[in-house]
Structure formats: C-alpha cells, structure tokens
Amino acid sequence: MTNREKLQKLIQDVFLLDPSEFSFDLPRSAVETWDSFGVVSLAVGVQQTFGYHLTPEEANGIKGVNDIIKILECKGISFE
Amino acid sequence: MVSSSVRMGSGRRLENHRESLMIALPPVTTLCSFVEQSSGRLSGEVIVWSTESVAGRVRALVPWEVTTEAPALTRSTAWLLAVGGGTLLDKAKVLRSHHPHVNLAALPTLWGSGAEASPIAVLNEDGRKVIRTGPELLPNLIVSHPAFAHSLPDKFIKYACGDAWSHALEGFLSPLGTDESRADLADVLRRMLQQPLGYTPEWFELSALACAAQSKTSVGVAHGIAHVLEGVMSWGHARLCSHYLLPAMSFNKANSPKWPLLAASGLPDNAIFMLLHTLFDNEAYLATLPALTSNWSKVLRDKCTRTNPALIRPQDLEFFTSFRA
C-alpha cells in the first residue's frame with residue numbers, strides 16, 4: 001500500500017467517510033466529524049500509521065488533507 | 001465555610017514513588033464534621049438530596065429534611081448536600097450550576113464514578129449520554145461516609161473498582177495526557193494495585209484522585225462502549241466499564257504507541273492484566289456483543305472512543321466480537 005493509499009484509508013476511518021466522500025483536496029470545513037475530537041483521533045492515527053507524532057499546533061492548524069501531506073513530507077515521508 | 005478536616009491527594013508521601021501528587025481535589029470532610037460545622041456556624045439553608053436507597057439512613061444522620069427528588073434551590077439555600085452515586089451527583093452538579101450562590105457538598109455512596117471530584121457531568125438525555133464540563137460543575141466539598149458502601153453486594157463493589165480502574169488506566173494512556181498527568185495517574189495506579197477488588201475505604205480516595213486526574217485528559221474506548229451500551233441495555237456504567245476494560249486494554253497494548261509508558265512508570269503488563277482478568281466476566285461480555293454489534297457506529301462516534309490512545313476503526317468491531325479471555 002502506498003502512503004497516499006494509507007492516508008486515504010486513515011482519513012476515511014478517522015472521520016467515518018465513505019470512499020466517495022474522500023479527496024486529497026478535502027478541506028476540514030467539509031467534514032462534520034473533523035471537530036476537536038477528530039483532531040485528537042487524527043493525531044493518534046497519523047502516529048500509528050506514519051510514526052510521526054503531530055504537535056498540538058500542527059494538529060490544530062491542519063485545514064485539510066493536503067496540509068497533512070505537507071507536514072509529513074517535511075518529515076521525509078514521501079507521497080509521490 | 002465548612003473547612004476540610006482531611007486533605008486528600010496533596011503532599012502524600014508514596015513509598016518508592018514521587019513525593020506528592022499534583023492532583024487537585026475539593027476539600028474533604030466527614031459527614032459528622034459537615035453536620036457539626038454546618039449546624040453551628042453557617043447561616044442559610046442546607047438542602048439534602050439523597051438517592052432513594054440510602055435516604056432513610058441519611059435522615060438518621062442529618063438534622064435537615066432529606067428529599068429524593070430534585071430540590072428547588074432558593075436564595076436562602078447555602079448548601080446542597082448531594083448523597084448518591086455518580087448519576088445523582090452529576091444531576092446535582094448541573095442543578096447547582098444554575099445557582100452559583102449555592103455551595104455543593106458531594107457525598108458518594110460508593111466509589112467508582114469519581115463524580116465528587118471532577119468538573120464533568122454525564123447526563124442521560126433521551127437515551128443519549130451527554131457530557132458537560134466546566135468549573136461550575138466541580139463540587140465545593142467532598143463529604144466522606146464510607147459506611148454507606150458496607151452493605152452493598154460484592155459484585156457492585158467489584159464493578160466500582162473496575163470503574164475506578166478504567167478512569168485511571170484510560171486517563172494514563174490518553175493522547176491528551178502530559179508527563180505530569182501520567183506521573184500522577186501512575187502513582188494512583190500503583191496504589192490501586194495494592195488494593196483488593198473489595199471494600200476498603202481507600203478506594204474512595206483513589207477513585208476521586210483517578211477521576212480528577214482523568215478529567216484533565218480523557219478516557220477511551222471502554223468508556224465509549226459503556227456510554228453507548230448503557231443507553232440500550234439495562235446494565236450500569238461501572239459494570240460495562242469493568243467488563244470492557246480487558247478487551248480495550250488488550251487492543252491498546254497491540255496498537256497504541258503509548259502502551260509502553262505503563263511499564264516505564266513501574267506498572268508492568270503482567271500486574272495490570274492479572275487485575276483486568278479478575279474484573280472480566282466472559283459470559284457477561286458475550287451477552288453484550290449483539291448490542292455492541294448493532295450499535296458499533298454509535299461507538300465509533302462517541303467522544304471517548306475518539307480519544308482512545310489507539311485509533312478505533314470501523315473494522316475493529318471484529319477484534320471486540322472475537323475477543324475471549
């Protein structure tokens with residue numbers, strides 16, 4: 001499984017989305033379950049899946065799926 | 001003001017562990033001291049709201065009228081003394097929050113919920129658990145009268161221990177935990193390991209400390225499942241937490257990067273799991289699985305599930321339905 005596929009599965013599982021609801025351009029504002037609890041759950045899932053522990057500032061500052069990719073790419077995790 | 005005759009959780013030396021806990025609790029007094037000091041020094045009315053099961057015994061111990069229904073608080077009300085389990089104490093906390101001039105004294109008849117020590121109230125609204133938090137919900141005083149727990153059946157005492165264990169363990173592992181909260185909860189957990197799963201007065205203090213510390217972090221999937229199932233089954237919160245703590249911790253051990261922090265804090269896996277196996281009842285657990293299966297989507301959306309230290313995914317239902325001790 002590629003990192004893009006892993007991230008897609010993670011986002012679907014964390015925010016309880018159908019595959020049809022997912023896109024890599026998905027903004028936080030479009031996801032009802034991306035609330036403060038979703039932020040915590042996302043941080044837990046990112047650590048489990050990619051081994052990177054998001055700081056509270058990073059986790060709270062994420063505005064959409066693309067921001068997660070940017071943060072993880074900065075940590076050397078490739079999404080090519 | 002009624003002063004504290006006993007301070008819990010501050011400056012207590014624990015052998016081989018940290019010098020003191022940083023967990024803040026409301027002051028604690030005995031029921032006798034509360035009655036003496038309230039009768040002698042306080043002006044204003046004291047209203048006693050008791051759960052039905054102990055109302056007769058409360059009437060024999062206090063000089064005030066005791067009601068088993070939600071009381072009307074007035075301008076002349078100085079204290080509301082709430083006597084009961086977590087459900088009644090949480091209702092009293094919310095009632096008092098609408099009357100900030102009233103002091104709330106919380107007397108838990110059994111440990112486990114820790115409602116007397118936290119600024120959290122869990123309410124049942126139309127079969128749904130609604131969690132409220134805020135400083136206005138924290139009682140002003142904890143009133144201690146452990147004798148109420150003496151006559152309770154052993155199984156309720158054991159469930160209460162399980163409830164306290166679930167607060168302490170899930171709070172320790174919470175992704176919202178800090179080094180400080182984990183150090184505090186590790187102290188509490190080590191002391192809990194030394195207690196039997198039966199009546200000892202120490203459980204009141206340990207349960208209050210666990211809940212107060214956990215209220216600054218979060219709980220996890222054992223609570224998430226309990227909150228959903230207690231709305232659809234006739235089982236109490238403490239019973240469900242007791243039975244789900246072993247599968248929840250087994251899941252966390254396999255999946256959460258936080259799990260090794262327990263051993264690093266002097267809490268080895270074998271000691272923890274030996275205790276959790278004692279709380280677990282395989283037959284009772286199996287009886288809950290149909291309700292768990294049909295309500296899994298609600299469990300996934302529960303706030304506590306979403307702050308579990310390991311991500312709970314839709315497909316993880318299989319872990320819980322296939323779990324056996």
# chains A, B, ... in the order shown; residues from 1 in each chain; ligands from 1
$ interface_residues --of "chain A" --to "chain B" --cutoff "8 Å" --atoms "only C-alpha atoms" --output "number ranges by chain"
A: 13-14, 16, 37-38, 40-41, 44-45, 47-48
$ residues_around --residues "Gln8 (chain A)" --least-positions-apart "2" --cutoff "8 Å" --atoms "only C-alpha atoms" --output "PyMOL selection string"
chain A and resi 4-6+10-12+22-24
$ residues_around --residues "region 117-134 of chain B" --least-positions-apart "2" --cutoff "6 Å" --atoms "only C-alpha atoms" --output "list in words"
Leu25, Asp90, Gly114, Ala115, Glu136, Leu137, Leu138, Ala208, Ala212 and Gly231 of chain B
$ residues_around --residues "region 64-69 of chain B" --least-positions-apart "4" --cutoff "8 Å" --atoms "only C-alpha atoms" --output "compact mmCIF listing (two decimals) with N, CA and C atoms, in the first residue's frame"
# COMPACT_ATOMS: atom_id res chain seq x y z
N VAL B 46 -29.65 24.35 54.46
CA VAL B 46 -28.97 23.19 53.90
C VAL B 46 -30.05 22.26 53.34
N ILE B 47 -29.93 21.94 52.07
CA ILE B 47 -30.87 21.01 51.45
C ILE B 47 -30.13 19.71 51.16
N VAL B 48 -30.75 18.61 51.52
CA VAL B 48 -30.12 17.31 51.30
C VAL B 48 -30.91 16.56 50.24
N TRP B 49 -30.21 16.20 49.18
CA TRP B 49 -30.82 15.42 48.08
C TRP B 49 -30.13 14.06 48.07
N SER B 50 -30.91 13.05 48.38
CA SER B 50 -30.32 11.72 48.52
C SER B 50 -30.94 10.74 47.53
N THR B 51 -30.12 9.78 47.15
CA THR B 51 -30.66 8.68 46.37
C THR B 51 -31.58 7.85 47.27
N GLU B 52 -32.61 7.28 46.67
CA GLU B 52 -33.65 6.58 47.43
C GLU B 52 -33.07 5.48 48.33
N ALA B 55 -31.73 6.96 51.59
CA ALA B 55 -32.39 8.15 52.15
C ALA B 55 -32.74 7.96 53.62
N VAL B 58 -29.68 8.37 55.68
CA VAL B 58 -29.24 9.77 55.69
C VAL B 58 -30.09 10.56 56.68
N ARG B 59 -31.40 10.30 56.67
CA ARG B 59 -32.30 11.03 57.58
C ARG B 59 -31.90 10.82 59.04
$ residues_around --residues "Phe79 (chain A)" --least-positions-apart "6" --cutoff "9 Å" --atoms "only C-alpha atoms" --output "list in words"
Thr2, Asn3, Arg4, Ile69, Leu72 and Glu73 of chain A
$ write_last_selection --atoms "C-alpha atoms" --output "PDB file, in the first residue's frame"
ATOM      1  CA  THR A   2       1.400   3.417  -0.909  1.00  0.00           C
ATOM      2  CA  ASN A   3       1.494   6.297   1.547  1.00  0.00           C
ATOM      3  CA  ARG A   4      -1.277   8.012  -0.419  1.00  0.00           C
ATOM      4  CA  ILE A  69       0.710  15.628   3.289  1.00  0.00           C
ATOM      5  CA  LEU A  72       4.542  14.572   6.637  1.00  0.00           C
ATOM      6  CA  GLU A  73       6.602  15.359   3.522  1.00  0.00           C
TER       7      GLU A  73
END
$ select_by_dssp --residues "chain A" --states "alpha helix (DSSP H)" --output "ChimeraX atom specification"
/A:3-15,36-50,56-61,65-74
$ atom_distance --atom1 "CA of His150 (chain B)" --atom2 "CA of Leu95 (chain B)"
28.6 Å
$ residues_around --residues "Gly112 (chain B)" --least-positions-apart "3" --cutoff "7 Å" --atoms "only C-alpha atoms" --output "CSV table (one decimal) with all heavy atoms, in the first residue's frame"
chain,number,residue,atom,x,y,z
B,160,ALA,N,-17.4,-1.2,40.9
B,160,ALA,CA,-17.0,0.2,41.3
B,160,ALA,C,-15.4,0.2,41.2
B,160,ALA,O,-14.9,1.2,40.7
B,160,ALA,CB,-17.4,0.5,42.7
B,161,CYS,N,-14.8,-0.9,41.6
B,161,CYS,CA,-13.3,-0.9,41.4
B,161,CYS,C,-13.0,-0.9,39.9
B,161,CYS,O,-12.0,-0.2,39.5
B,161,CYS,CB,-12.8,-2.2,42.0
B,161,CYS,SG,-13.0,-2.3,43.8
B,163,ASP,N,-14.7,0.5,37.6
B,163,ASP,CA,-14.9,1.9,37.1
B,163,ASP,C,-13.7,2.8,37.4
B,163,ASP,O,-13.2,3.6,36.6
B,163,ASP,CB,-16.2,2.5,37.7
B,163,ASP,CG,-16.8,3.6,37.0
B,163,ASP,OD1,-16.3,4.0,35.9
B,163,ASP,OD2,-17.8,4.2,37.5
B,164,ALA,N,-13.2,2.7,38.7
B,164,ALA,CA,-12.1,3.5,39.1
B,164,ALA,C,-10.8,3.1,38.2
B,164,ALA,O,-10.1,4.0,37.8
B,164,ALA,CB,-11.8,3.3,40.6
B,207,SER,N,-10.3,6.5,43.9
B,207,SER,CA,-11.3,6.8,42.8
B,207,SER,C,-11.4,8.3,42.5
B,207,SER,O,-11.4,8.7,41.4
B,207,SER,CB,-12.7,6.2,43.2
B,207,SER,OG,-13.7,6.7,42.4
$ residues_around --residues "Trp203 (chain B)" --least-positions-apart "6" --cutoff "12 Å" --atoms "only C-alpha atoms" --output "ChimeraX atom specification"
/B:108-114,144,146,149,157-158,160-165,188-189,191-197,209-211
